[in-house]
>>> print(open('entry.txt').read())   # compact mmCIF, C-alpha atoms
# COMPACT_ATOMS: atom_id res chain seq x y z
CA MET A 74 -18.53 -25.74 10.66
CA VAL A 75 -14.84 -24.94 10.22
CA SER A 76 -13.41 -26.63 7.13
CA ALA A 77 -10.35 -28.86 7.05
CA VAL A 78 -8.44 -26.04 5.38
CA ALA A 79 -9.46 -23.63 8.13
CA ARG A 80 -8.13 -25.97 10.80
CA GLN A 81 -4.64 -25.69 9.40
CA SER A 82 -2.41 -23.16 11.08
CA VAL A 83 -1.56 -20.13 8.98
CA PHE A 84 1.95 -18.71 9.21
CA ILE A 85 2.28 -15.25 7.68
CA ILE A 86 5.95 -14.55 7.00
CA THR A 87 6.75 -10.96 6.15
CA HIS A 88 9.34 -8.20 6.14
CA GLU A 89 6.59 -5.55 5.97
CA PHE A 90 4.82 -5.23 9.31
CA TYR A 91 4.25 -2.78 12.14
CA PRO A 92 6.04 -0.58 13.16
CA ARG A 93 7.03 -0.26 9.51
CA ARG A 94 4.65 2.05 7.65
CA GLY A 95 3.28 1.77 4.16
CA GLY A 96 0.59 0.10 2.11
CA ILE A 97 2.07 -3.42 2.10
CA ALA A 98 2.62 -3.34 5.87
CA THR A 99 -0.99 -2.25 6.39
CA PHE A 100 -2.25 -4.94 4.00
CA THR A 101 -0.29 -7.65 5.84
CA GLU A 102 -1.47 -6.49 9.26
CA GLU A 103 -5.12 -6.35 8.22
CA ILE A 104 -5.09 -9.72 6.45
CA ALA A 105 -3.55 -11.25 9.59
CA LYS A 106 -6.30 -9.75 11.77
CA ALA A 107 -8.98 -10.93 9.36
CA SER A 108 -7.49 -14.42 9.13
CA SER A 109 -7.54 -14.73 12.91
CA GLY A 110 -11.08 -13.37 13.01
CA LEU A 111 -12.22 -16.03 10.54
CA GLY A 112 -11.06 -18.74 12.92
CA TYR A 113 -7.72 -19.64 11.39
CA PRO A 114 -4.94 -20.26 13.95
CA THR A 115 -2.71 -17.46 12.70
CA GLU A 116 0.86 -16.55 13.58
CA VAL A 117 2.91 -13.72 12.07
CA TRP A 118 6.68 -13.84 11.67
CA ALA A 119 8.09 -10.35 11.18
CA PRO A 120 11.36 -8.45 11.68
CA HIS A 121 12.43 -7.37 15.15
CA ALA A 122 10.75 -4.29 16.63
CA PRO A 123 11.63 -2.36 19.80
CA GLY A 124 9.57 -3.73 22.70
CA GLU A 125 8.05 -0.37 23.54
CA LYS A 126 6.66 -0.13 19.99
CA GLU A 127 4.84 -3.47 20.06
CA LYS A 128 1.07 -3.50 19.96
CA SER A 129 -1.45 -5.99 21.27
CA TRP A 130 -2.40 -8.41 18.51
CA PRO A 131 -5.23 -10.98 18.24
CA PHE A 132 -2.63 -13.55 17.15
CA PRO A 133 0.87 -14.60 18.23
CA ILE A 134 3.73 -12.72 16.63
CA ARG A 135 7.27 -14.00 16.37
CA ARG A 136 9.84 -11.26 15.96
CA LEU A 137 12.87 -12.41 13.96
CA PRO A 138 16.41 -10.97 14.02
CA LEU A 139 16.03 -9.48 10.54
CA LYS A 140 16.55 -6.04 9.03
CA GLY A 141 13.58 -6.61 6.76
CA THR A 142 15.45 -5.81 3.53
CA HIS A 143 15.77 -7.65 0.23
CA ASP A 144 19.53 -8.02 0.43
CA PHE A 145 21.18 -11.44 0.31
CA SER A 146 22.23 -11.56 3.97
CA CYS A 147 18.68 -10.86 5.12
CA GLN A 148 17.32 -13.55 2.78
CA MET A 149 19.79 -16.07 4.18
CA ARG A 150 18.90 -15.27 7.80
CA LEU A 151 15.23 -15.80 7.04
CA ALA A 152 16.03 -18.98 5.10
CA ARG A 153 17.89 -20.42 8.11
CA HIS A 154 14.88 -19.69 10.31
CA LEU A 155 12.55 -21.41 7.85
CA VAL A 156 14.82 -24.45 7.75
CA ALA A 157 14.96 -24.62 11.56
CA ASN A 158 11.14 -24.64 11.70
CA ARG A 159 10.52 -26.87 8.68
CA ARG A 160 8.60 -29.56 10.59
CA THR A 161 6.07 -26.99 11.80
CA LEU A 162 5.73 -25.23 8.45
CA ARG A 163 5.26 -28.29 6.28
CA ARG A 164 2.08 -29.19 8.18
CA ALA A 165 0.64 -25.70 7.79
CA THR A 166 -0.45 -23.00 5.37
CA VAL A 167 2.43 -20.62 4.71
CA TYR A 168 1.49 -17.20 3.38
CA LEU A 169 4.09 -14.89 1.83
CA PRO A 170 2.36 -11.52 1.38
CA GLU A 171 5.24 -9.59 -0.21
CA PRO A 172 8.54 -10.10 -2.07
CA GLY A 173 10.98 -10.24 0.87
CA PRO A 174 10.07 -13.75 2.07
CA MET A 175 9.40 -14.88 -1.51
CA LEU A 176 13.07 -14.31 -2.29
CA ALA A 177 14.08 -16.51 0.64
CA MET A 178 11.60 -19.22 -0.32
CA MET A 179 12.86 -19.24 -3.91
CA THR A 180 16.16 -20.70 -2.67
CA LEU A 181 14.43 -23.32 -0.50
CA GLN A 182 11.52 -24.46 -2.66
CA PHE A 183 13.35 -27.37 -4.27
CA PHE A 184 13.87 -29.16 -0.95
CA LYS A 185 10.89 -31.42 -0.33
CA ALA A 186 11.30 -31.25 3.45
CA LEU A 187 10.70 -27.47 3.32
CA ARG A 188 7.48 -27.49 1.31
CA PRO A 189 4.42 -26.38 3.30
CA ARG A 190 1.09 -28.12 3.00
CA ARG A 191 -0.30 -25.00 1.31
CA LEU A 192 1.59 -22.04 -0.10
CA LEU A 193 -0.11 -18.69 -0.66
CA LEU A 194 1.43 -15.61 -2.32
CA THR A 195 0.38 -11.99 -2.82
CA PHE A 196 1.88 -9.74 -5.50
CA HIS A 197 1.60 -5.95 -5.32
CA GLY A 198 3.15 -4.77 -8.59
CA SER A 199 6.77 -3.66 -8.70
CA GLU A 200 8.20 -7.01 -7.62
CA ILE A 201 6.66 -8.66 -10.71
CA LEU A 202 8.82 -6.53 -13.00
CA ARG A 203 11.90 -7.00 -10.82
CA PHE A 204 11.47 -10.78 -10.79
CA ALA A 205 10.92 -10.80 -14.56
CA GLU A 206 13.93 -8.67 -15.53
CA SER A 207 16.52 -11.24 -14.37
CA SER A 208 16.58 -14.61 -16.16
CA THR A 209 17.65 -16.47 -12.99
CA ARG A 210 15.11 -14.78 -10.76
CA ARG A 211 12.42 -15.19 -13.42
CA CYS A 212 12.97 -18.96 -13.45
CA LEU A 213 12.91 -19.14 -9.65
CA ALA A 214 9.76 -17.01 -9.46
CA ARG A 215 8.06 -19.17 -12.09
CA ALA A 216 8.86 -22.28 -10.07
CA LEU A 217 7.50 -20.67 -6.89
CA ILE A 218 4.30 -19.62 -8.68
CA ASN A 219 3.88 -23.18 -9.98
CA ARG A 220 4.20 -24.52 -6.43
CA ALA A 221 1.75 -22.00 -4.95
CA ASP A 222 -1.78 -23.18 -4.21
CA ARG A 223 -3.29 -19.71 -4.49
CA ILE A 224 -2.05 -16.27 -5.50
CA SER A 225 -3.69 -12.92 -4.90
CA THR A 226 -3.35 -9.36 -6.14
CA LEU A 227 -5.09 -6.24 -4.86
CA THR A 228 -6.17 -5.00 -8.29
CA ASN A 229 -7.06 -6.22 -11.75
CA TYR A 230 -4.16 -4.11 -13.03
CA THR A 231 -1.66 -6.10 -10.95
CA ARG A 232 -3.31 -9.38 -11.93
CA ARG A 233 -2.88 -8.52 -15.62
CA LEU A 234 0.73 -7.50 -15.01
CA LEU A 235 1.45 -10.77 -13.19
CA CYS A 236 -0.21 -12.99 -15.79
CA THR A 237 1.51 -11.16 -18.64
CA HIS A 238 4.95 -11.92 -17.22
CA PHE A 239 4.07 -15.23 -15.55
CA PRO A 240 1.19 -16.86 -17.47
CA GLU A 241 1.29 -19.89 -15.17
CA ALA A 242 -0.33 -17.72 -12.48
CA GLU A 243 -3.52 -17.19 -14.51
CA ALA A 244 -5.57 -20.12 -13.21
CA LYS A 245 -4.74 -19.67 -9.54
CA THR A 246 -4.82 -15.87 -9.08
CA VAL A 247 -7.69 -14.15 -7.24
CA ILE A 248 -8.36 -10.53 -6.37
CA THR A 249 -8.11 -9.56 -2.68
CA PRO A 250 -8.91 -5.84 -2.75
CA GLY A 251 -7.50 -3.50 -0.15
CA ALA A 252 -9.86 -1.90 2.33
CA LEU A 253 -9.73 0.72 5.03
CA ARG A 254 -7.54 0.10 8.04
CA SER A 255 -9.72 -1.41 10.73
CA ASP A 256 -9.35 1.71 12.89
CA PHE A 257 -10.88 3.72 10.03
CA ALA A 258 -14.07 1.68 10.11
CA THR A 259 -15.65 4.01 12.68
CA ALA A 260 -14.21 7.25 11.30
CA GLN A 261 -16.50 10.19 11.99
CA PRO A 262 -17.60 12.66 9.32
CA ARG A 263 -15.12 15.46 8.70
CA ARG A 264 -15.22 18.49 10.92
CA THR A 265 -16.04 21.75 9.21
CA ILE A 266 -12.94 23.93 9.44
CA CYS A 267 -13.68 27.64 9.07
CA SER A 268 -10.75 29.01 7.10
CA ASP A 269 -10.14 30.95 3.90
CA LYS A 270 -7.21 28.64 3.17
CA VAL A 271 -7.55 25.51 1.03
CA VAL A 272 -5.22 22.81 2.38
CA ILE A 273 -3.87 20.26 -0.10
CA LEU A 274 -2.38 17.19 1.57
CA THR A 275 -0.01 14.45 0.41
CA VAL A 276 0.76 11.41 2.58
CA GLY A 277 3.57 9.22 1.31
CA ARG A 278 7.30 8.67 1.12
CA LEU A 279 9.32 11.62 -0.10
CA HIS A 280 10.37 9.84 -3.28
CA PRO A 281 10.39 10.95 -6.92
CA ARG A 282 7.90 8.19 -7.82
CA LYS A 283 5.31 9.56 -5.38
CA GLY A 284 5.10 12.78 -7.38
CA GLN A 285 5.25 15.58 -4.80
CA MET A 286 7.30 17.64 -7.26
CA PHE A 287 4.55 17.42 -9.89
CA ILE A 288 2.10 18.85 -7.37
CA LEU A 289 4.37 21.76 -6.49
CA GLU A 290 4.93 22.55 -10.17
CA ALA A 291 1.19 22.44 -10.87
CA LEU A 292 0.41 24.72 -7.92
CA LYS A 293 3.15 27.11 -9.03
CA ALA A 294 1.33 27.43 -12.39
CA LEU A 295 -1.90 28.65 -10.74
CA PRO A 296 -2.78 32.36 -10.84
CA PRO A 297 -1.21 34.33 -7.97
CA HIS A 298 -4.54 35.01 -6.24
CA LEU A 299 -5.21 31.25 -6.01
CA ARG A 300 -1.70 30.43 -4.80
CA GLN A 301 -2.23 32.82 -1.92
CA ARG A 302 -5.30 30.80 -0.85
CA ILE A 303 -3.48 27.45 -0.77
CA GLU A 304 -1.39 25.62 1.79
CA TYR A 305 0.40 22.45 0.68
CA TRP A 306 1.13 19.91 3.42
CA MET A 307 3.44 16.92 2.98
CA VAL A 308 3.47 14.02 5.45
CA GLY A 309 6.25 11.48 5.14
CA THR A 310 10.00 11.07 4.97
CA GLY A 311 12.33 9.28 2.60
CA ARG A 312 15.83 8.08 1.99
CA HIS A 313 16.30 10.46 -0.92
CA SER A 314 17.64 13.52 0.92
CA ASP A 315 18.47 15.16 -2.42
CA TYR A 316 14.83 14.87 -3.44
CA GLU A 317 13.64 16.44 -0.20
CA MET A 318 16.08 19.29 -0.73
CA LEU A 319 14.69 19.80 -4.24
CA LEU A 320 11.16 19.83 -2.83
CA ARG A 321 12.07 22.44 -0.23
CA THR A 322 13.76 24.62 -2.84
CA SER A 323 10.81 24.34 -5.18
CA ALA A 324 8.39 25.12 -2.34
CA GLU A 325 10.26 28.33 -1.53
CA ASP A 326 9.89 29.46 -5.15
CA SER A 327 6.29 28.34 -5.61
CA GLY A 328 4.42 31.17 -3.94
CA VAL A 329 2.46 28.54 -2.01
CA THR A 330 2.74 28.14 1.76
CA THR A 331 4.22 24.64 2.23
CA ARG A 332 4.64 22.57 5.40
CA PHE A 333 6.78 19.45 5.81
CA PHE A 334 5.41 17.31 8.67
CA GLY A 335 7.78 14.36 8.48
CA ASP A 336 6.41 11.07 9.81
CA VAL A 337 3.42 11.31 12.13
CA GLY A 338 1.54 8.72 14.19
CA ASP A 339 -1.88 7.44 13.20
CA ASP A 340 -3.71 9.55 15.80
CA GLN A 341 -2.02 12.74 14.63
CA LEU A 342 -2.53 11.73 11.00
CA ASP A 343 -6.29 11.58 11.56
CA ASP A 344 -6.18 15.21 12.73
CA VAL A 345 -4.11 16.21 9.70
CA TYR A 346 -6.60 14.57 7.34
CA ASP A 347 -9.47 16.35 9.08
CA GLN A 348 -7.83 19.75 8.57
CA ALA A 349 -7.23 19.19 4.85
CA ASP A 350 -9.55 20.03 1.97
CA ILE A 351 -7.99 18.09 -0.92
CA PHE A 352 -5.80 14.98 -1.02
CA ALA A 353 -3.22 14.69 -3.79
CA MET A 354 -0.71 11.99 -4.63
CA THR A 355 0.47 11.98 -8.22
CA SER A 356 2.45 8.75 -8.38
CA ILE A 357 4.13 7.65 -11.59
CA ASN A 358 5.32 4.29 -12.88
CA HIS A 359 9.10 4.44 -13.23
CA GLU A 360 11.20 1.62 -14.69
CA THR A 361 10.41 -1.43 -12.51
CA SER A 362 8.54 0.58 -9.87
CA VAL A 363 4.76 0.82 -10.34
CA GLU A 364 1.78 1.96 -8.28
CA GLY A 365 -0.23 -1.22 -7.84
CA PHE A 366 -3.04 0.34 -5.80
CA GLY A 367 -2.54 2.86 -2.99
CA LEU A 368 -4.42 2.27 0.27
CA VAL A 369 -3.73 5.89 1.19
CA TYR A 370 -6.31 6.99 -1.41
CA LEU A 371 -8.97 5.05 0.49
CA GLU A 372 -7.87 6.62 3.78
CA ALA A 373 -8.21 10.08 2.26
CA SER A 374 -11.65 9.24 0.85
CA ALA A 375 -12.74 7.89 4.24
CA HIS A 376 -12.01 11.34 5.66
CA GLY A 377 -14.20 12.96 3.02
CA LEU A 378 -11.37 14.38 0.91
CA PRO A 379 -11.60 14.66 -2.87
CA VAL A 380 -8.54 13.10 -4.49
CA VAL A 381 -6.24 14.30 -7.25
CA ALA A 382 -4.07 11.57 -8.75
CA HIS A 383 -2.38 10.35 -11.90
CA ALA A 384 -4.23 7.70 -13.90
CA VAL A 385 -1.47 5.09 -13.67
CA GLY A 386 -1.21 1.46 -12.59
CA GLY A 387 -3.92 0.40 -10.19
CA VAL A 388 -4.82 3.94 -9.07
CA PRO A 389 -8.05 4.03 -11.18
CA GLU A 390 -9.26 1.10 -9.04
CA ALA A 391 -8.79 3.23 -5.91
CA VAL A 392 -10.04 6.58 -7.26
CA VAL A 393 -13.11 6.96 -9.49
CA ASP A 394 -12.59 9.83 -11.90
CA GLY A 395 -15.27 12.49 -11.52
CA VAL A 396 -16.90 10.60 -8.65
CA THR A 397 -14.40 10.42 -5.77
CA GLY A 398 -11.65 12.51 -7.30
CA LEU A 399 -9.98 13.72 -10.48
CA LEU A 400 -7.56 11.54 -12.44
CA VAL A 401 -5.20 13.20 -14.88
CA PRO A 402 -2.72 11.76 -17.39
CA PRO A 403 0.72 11.27 -15.83
CA VAL A 404 3.22 14.11 -16.17
CA ASN A 405 0.68 16.43 -17.78
CA LEU A 406 1.24 19.72 -15.97
CA PRO A 407 -1.60 21.70 -17.62
CA ALA A 408 -4.16 18.97 -16.81
CA LEU A 409 -2.93 18.74 -13.22
CA THR A 410 -3.06 22.52 -12.78
CA THR A 411 -6.61 22.57 -14.19
CA ALA A 412 -7.70 19.85 -11.75
CA PHE A 413 -6.37 21.82 -8.78
CA GLN A 414 -7.91 25.06 -10.03
CA ARG A 415 -11.32 23.43 -10.32
CA LEU A 416 -11.22 21.98 -6.82
CA VAL A 417 -9.76 25.08 -5.16
CA THR A 418 -12.43 27.35 -6.64
CA ASP A 419 -15.45 25.03 -6.29
CA ALA A 420 -16.14 24.12 -2.65
CA GLU A 421 -19.42 22.40 -3.51
CA PHE A 422 -17.68 20.11 -6.00
CA ARG A 423 -15.10 19.26 -3.33
CA ARG A 424 -17.87 18.33 -0.91
CA THR A 425 -19.64 16.16 -3.49
CA LEU A 426 -16.50 14.19 -4.34
CA GLY A 427 -15.63 13.86 -0.65
CA THR A 428 -19.09 12.57 0.27
CA ASN A 429 -18.98 10.06 -2.59
CA GLY A 430 -15.55 8.96 -1.44
CA GLN A 431 -16.71 8.11 2.08
CA ASP A 432 -19.14 5.53 0.70
CA TRP A 433 -16.65 4.26 -1.91
CA ALA A 434 -13.89 3.75 0.67
CA ARG A 435 -16.08 1.31 2.63
CA ARG A 436 -17.06 -0.94 -0.25
CA ASN A 437 -14.36 -3.56 0.47
CA CYS A 438 -13.90 -5.75 3.54
CA TRP A 439 -10.72 -7.34 4.90
CA ALA A 440 -12.59 -10.44 6.09
CA ARG A 441 -13.92 -11.02 2.59
CA SER A 442 -10.45 -10.60 1.06
CA ALA A 443 -8.92 -12.96 3.62
CA GLY A 444 -11.66 -15.50 2.97
CA VAL A 445 -10.99 -15.43 -0.77
CA LEU A 446 -7.26 -15.82 -0.18
CA LEU A 447 -7.51 -18.62 2.36
CA GLY A 448 -10.32 -20.50 0.68
CA SER A 449 -13.13 -19.96 3.21
>>> encode(input="entry.txt", output="structure tokens")
Amino acid sequence: MVSAVARQSVFIITHEFYPRRGGIATFTEEIAKASSGLGYPTEVWAPHAPGEKEKSWPFPIRRLPLKGTHDFSCQMRLARHLVANRRTLRRATVYLPEPGPMLAMMTLQFFKALRPRRLLLTFHGSEILRFAESSTRRCLARALINRADRISTLTNYTRRLLCTHFPEAEAKTVITPGALRSDFATAQPRRTICSDKVVILTVGRLHPRKGQMFILEALKALPPHLRQRIEYWMVGTGRHSDYEMLLRTSAEDSGVTTRFFGDVGDDQLDDVYDQADIFAMTSINHETSVEGFGLVYLEASAHGLPVVAHAVGGVPEAVVDGVTGLLVPPVNLPALTTAFQRLVTDAEFRRTLGTNGQDWARRNCWARSAGVLLGS
């Protein structure tokens, strides 16, 4: 029997949604699919997307005339839309899965006519520190947390971070772990690629916090005969053109063959994963920007790739040191170089970590996470 809570419509309001890429966009998309699959009447409100890029969804989607940024004008446009639809929203469950719509709701929460029947929030990490650093925003965030019926985080790390800065969240916060994208659920075992080269792959924004430069510096420190065996592939783009220029300059001096793929579609990305031997993303926590989890680590593990990563933030909840990959202290070049040397020279160890990772990556389920969030 469907509960009274389940009969309520669920409106997921987000700035992070397809065709935007990234972990939060994937999380939002998969929770929406799972919510619909559990029998909740679900509707997603997301920024405008070109018609030719739209996909077929198992729920209605309302595209809003938004840029999907955190700037004031975008917040106000979303706020006006929420006000215009207040009668619908106040009879429903409203879910804000990321900070963009939370900022808009912070300005509206004190108006009784705009309060939904149930309010759900998800925090991912960096936004907690950004909300806490401003006294005004901290007060508004605290009020929003007090009004929320349920809050979720993807990791215990993020839960601790949230409850440290906003203790009022303690009693209502649950863990909704990330899982594989639904189209990874039937991923086939990796093909065996016959090549003398060892391909190391990074998938992520070209941004200093994602750590591509640390990887290049660590590979540069390997003995020449190992550098000749390696290809380093980077998938992703970024707004920091200076950083990309630095990466390209460093790659030229590294003695390692390096390829920049830019952004690639999911189908092509599957092929790239299947041609790689090692996945590496050495994120760091920087000021108010932290790595709360990293769904990309699960994607790499699902393709049977051993992972090299920094032991920061929520990464140890995505990568098991010595089991699915190797975790090293952040910004420790000798340790990172040693990790790469071990994996490059020991194919059997790579296979063992990769095989372990395929099982590990499937341990979580989006339907279970959505059920915990929504109260099923």
>>> closest_residue(input="entry.txt", among="A:Leu187, A:Glu206, A:Ile288, A:Pro92", to="Ala157 in chain A", atoms="all atoms listed in the file")
A:Leu187
>>> residues_around(input="entry.txt", residues="Val329 in chain A", least_positions_apart="4", cutoff="7 Å", atoms="all atoms listed in the file", output="ChimeraX atom specification")
/A:300-301,303-305,324
>>> residues_around(input="entry.txt", residues="range 317-320 of chain A", least_positions_apart="2", cutoff="9 Å", atoms="all atoms listed in the file", output="list in words")
Leu279, His280, Gln285, Met286, Leu289, Thr310, Gly311, Arg312, His313, Ser314, Asp315, Thr322, Ser323, Ala324 and Glu325 of chain A
>>> closest_atom_pairs(input="entry.txt", of="range 213-262 of chain A", to="range 356-366 of chain A", cutoff="10 Å", atoms="all atoms listed in the file", output="Markdown table")
| residue | atom | partner | partner_atom | distance |
| --- | --- | --- | --- | --- |
| A:Thr226 | CA | A:Gly365 | CA | 8.9 |
| A:Leu227 | CA | A:Phe366 | CA | 7.0 |
| A:Thr228 | CA | A:Phe366 | CA | 6.7 |
| A:Asn229 | CA | A:Gly365 | CA | 9.3 |
| A:Tyr230 | CA | A:Gly365 | CA | 7.1 |
| A:Thr231 | CA | A:Gly365 | CA | 6.0 |
| A:Arg232 | CA | A:Gly365 | CA | 9.6 |
| A:Leu234 | CA | A:Gly365 | CA | 9.6 |
| A:Pro250 | CA | A:Phe366 | CA | 9.1 |
| A:Gly251 | CA | A:Phe366 | CA | 8.2 |
>>> closest_atom_pairs(input="entry.txt", of="range 346-423 of chain A", to="range 429-446 of chain A", cutoff="6 Å", atoms="only C-alpha atoms", output="tab-separated table")
residue	atom	partner	partner_atom	distance
A:Leu371	CA	A:Ala434	CA	5.1
A:Ser374	CA	A:Gly430	CA	4.5
A:Ala375	CA	A:Gln431	CA	4.5
A:Gly377	CA	A:Gln431	CA	5.5
A:Thr397	CA	A:Gly430	CA	4.7
>>> closest_residue(input="entry.txt", among="A:Gln348, A:Thr428, A:Gln148, A:Thr418", to="Val380 in chain A", atoms="all atoms listed in the file")
A:Thr428
>>> closest_residue(input="entry.txt", among="A:Val308, A:Phe196, A:Thr161, A:Arg254", to="Cys236 in chain A", atoms="all atoms listed in the file")
A:Phe196
>>> atom_distance(input="entry.txt", atom1="CA of Ala412 in chain A", atom2="CA of Asp339 in chain A")
28.5 Å
>>> residues_around(input="entry.txt", residues="Met178 in chain A", least_positions_apart="5", cutoff="12 Å", atoms="only C-alpha atoms", output="PyMOL selection string")
chain A and resi 86-87+148-156+159+167-169+171-173+183-184+187-189+192-194+210+213-214+216-218+220-221
>>> atom_distance(input="entry.txt", atom1="CA of Gln182 in chain A", atom2="CA of Arg211 in chain A")
14.2 Å
>>> closest_residue(input="entry.txt", among="A:Leu295, A:Pro174, A:Met307, A:Val417", to="Lys270 in chain A", atoms="all atoms listed in the file")
A:Val417
>>> residues_around(input="entry.txt", residues="Ala122 in chain A", least_positions_apart="5", cutoff="10 Å", atoms="only C-alpha atoms", output="list in words")
Phe90, Tyr91, Pro92, Arg93, Glu127, Arg136, Leu137, Pro138, Leu139 and Lys140 of chain A
>>> closest_residue(input="entry.txt", among="A:Glu241, A:Asp344, A:Glu372, A:Glu290", to="Phe413 in chain A", atoms="all atoms listed in the file")
A:Glu290
>>> atom_distance(input="entry.txt", atom1="CA of His376 in chain A", atom2="CA of Asp347 in chain A")
6.6 Å
>>> closest_residue(input="entry.txt", among="A:Asp256, A:Glu200, A:Asp144, A:Glu116", to="Ala165 in chain A", atoms="only C-alpha atoms")
A:Glu116
>>> residues_near_point(input="entry.txt", point="(-5.5, -20.9, -9.9)", cutoff="8 Å", atoms="only C-alpha atoms", output="ChimeraX atom specification")
/A:222-224,242-247
>>> write_last_selection(input="entry.txt", atoms="C-alpha atoms", output="JSON list (two decimals), keeping the file's coordinate frame")
[["chain", "number", "residue", "atom", "x", "y", "z"],
["A", 222, "ASP", "CA", -1.78, -23.18, -4.21],
["A", 223, "ARG", "CA", -3.29, -19.71, -4.49],
["A", 224, "ILE", "CA", -2.05, -16.27, -5.50],
["A", 242, "ALA", "CA", -0.33, -17.72, -12.48],
["A", 243, "GLU", "CA", -3.52, -17.19, -14.51],
["A", 244, "ALA", "CA", -5.57, -20.12, -13.21],
["A", 245, "LYS", "CA", -4.74, -19.67, -9.54],
["A", 246, "THR", "CA", -4.82, -15.87, -9.08],
["A", 247, "VAL", "CA", -7.69, -14.15, -7.24]]
>>> axis_aligned_box(input="entry.txt", around="range 388-398 of chain A", padding_each_side="6 Å", output="JSON")
{"center_x": -10.9, "center_y": 6.8, "center_z": -8.8, "size_x": 24.1, "size_y": 23.4, "size_z": 18.1}
>>> build_atoms(input="entry.txt", residues="range 426-439 of chain A", atoms="N, CA and C atoms", output="PDB file, in the frame of the given file")
ATOM      1  N   LEU A 426     -17.480  15.262  -4.157  1.00  0.00           N
ATOM      2  CA  LEU A 426     -16.500  14.190  -4.340  1.00  0.00           C
ATOM      3  C   LEU A 426     -16.133  13.556  -2.999  1.00  0.00           C
ATOM      4  N   GLY A 427     -15.991  14.388  -1.977  1.00  0.00           N
ATOM      5  CA  GLY A 427     -15.630  13.860  -0.650  1.00  0.00           C
ATOM      6  C   GLY A 427     -16.715  12.978  -0.081  1.00  0.00           C
ATOM      7  N   THR A 428     -17.976  13.377  -0.229  1.00  0.00           N
ATOM      8  CA  THR A 428     -19.090  12.570   0.270  1.00  0.00           C
ATOM      9  C   THR A 428     -19.156  11.241  -0.485  1.00  0.00           C
ATOM     10  N   ASN A 429     -19.002  11.295  -1.800  1.00  0.00           N
ATOM     11  CA  ASN A 429     -18.980  10.060  -2.590  1.00  0.00           C
ATOM     12  C   ASN A 429     -17.849   9.145  -2.131  1.00  0.00           C
ATOM     13  N   GLY A 430     -16.718   9.745  -1.835  1.00  0.00           N
ATOM     14  CA  GLY A 430     -15.550   8.960  -1.440  1.00  0.00           C
ATOM     15  C   GLY A 430     -15.735   8.214  -0.140  1.00  0.00           C
ATOM     16  N   GLN A 431     -16.496   8.790   0.801  1.00  0.00           N
ATOM     17  CA  GLN A 431     -16.710   8.110   2.080  1.00  0.00           C
ATOM     18  C   GLN A 431     -17.465   6.809   1.899  1.00  0.00           C
ATOM     19  N   ASP A 432     -18.423   6.785   0.991  1.00  0.00           N
ATOM     20  CA  ASP A 432     -19.140   5.530   0.700  1.00  0.00           C
ATOM     21  C   ASP A 432     -18.235   4.571  -0.080  1.00  0.00           C
ATOM     22  N   TRP A 433     -17.519   5.088  -1.070  1.00  0.00           N
ATOM     23  CA  TRP A 433     -16.650   4.260  -1.910  1.00  0.00           C
ATOM     24  C   TRP A 433     -15.572   3.578  -1.072  1.00  0.00           C
ATOM     25  N   ALA A 434     -15.001   4.289  -0.113  1.00  0.00           N
ATOM     26  CA  ALA A 434     -13.890   3.750   0.670  1.00  0.00           C
ATOM     27  C   ALA A 434     -14.310   2.549   1.515  1.00  0.00           C
ATOM     28  N   ARG A 435     -15.592   2.393   1.775  1.00  0.00           N
ATOM     29  CA  ARG A 435     -16.080   1.310   2.630  1.00  0.00           C
ATOM     30  C   ARG A 435     -16.647   0.125   1.850  1.00  0.00           C
ATOM     31  N   ARG A 436     -16.424   0.104   0.550  1.00  0.00           N
ATOM     32  CA  ARG A 436     -17.060  -0.940  -0.250  1.00  0.00           C
ATOM     33  C   ARG A 436     -16.385  -2.304  -0.069  1.00  0.00           C
ATOM     34  N   ASN A 437     -15.093  -2.312   0.309  1.00  0.00           N
ATOM     35  CA  ASN A 437     -14.360  -3.560   0.470  1.00  0.00           C
ATOM     36  C   ASN A 437     -14.239  -3.943   1.943  1.00  0.00           C
ATOM     37  N   CYS A 438     -13.934  -5.202   2.181  1.00  0.00           N
ATOM     38  CA  CYS A 438     -13.900  -5.750   3.540  1.00  0.00           C
ATOM     39  C   CYS A 438     -12.707  -6.691   3.666  1.00  0.00           C
ATOM     40  N   TRP A 439     -11.896  -6.489   4.715  1.00  0.00           N
ATOM     41  CA  TRP A 439     -10.720  -7.340   4.900  1.00  0.00           C
ATOM     42  C   TRP A 439     -11.100  -8.798   5.120  1.00  0.00           C
TER      43      TRP A 439
END
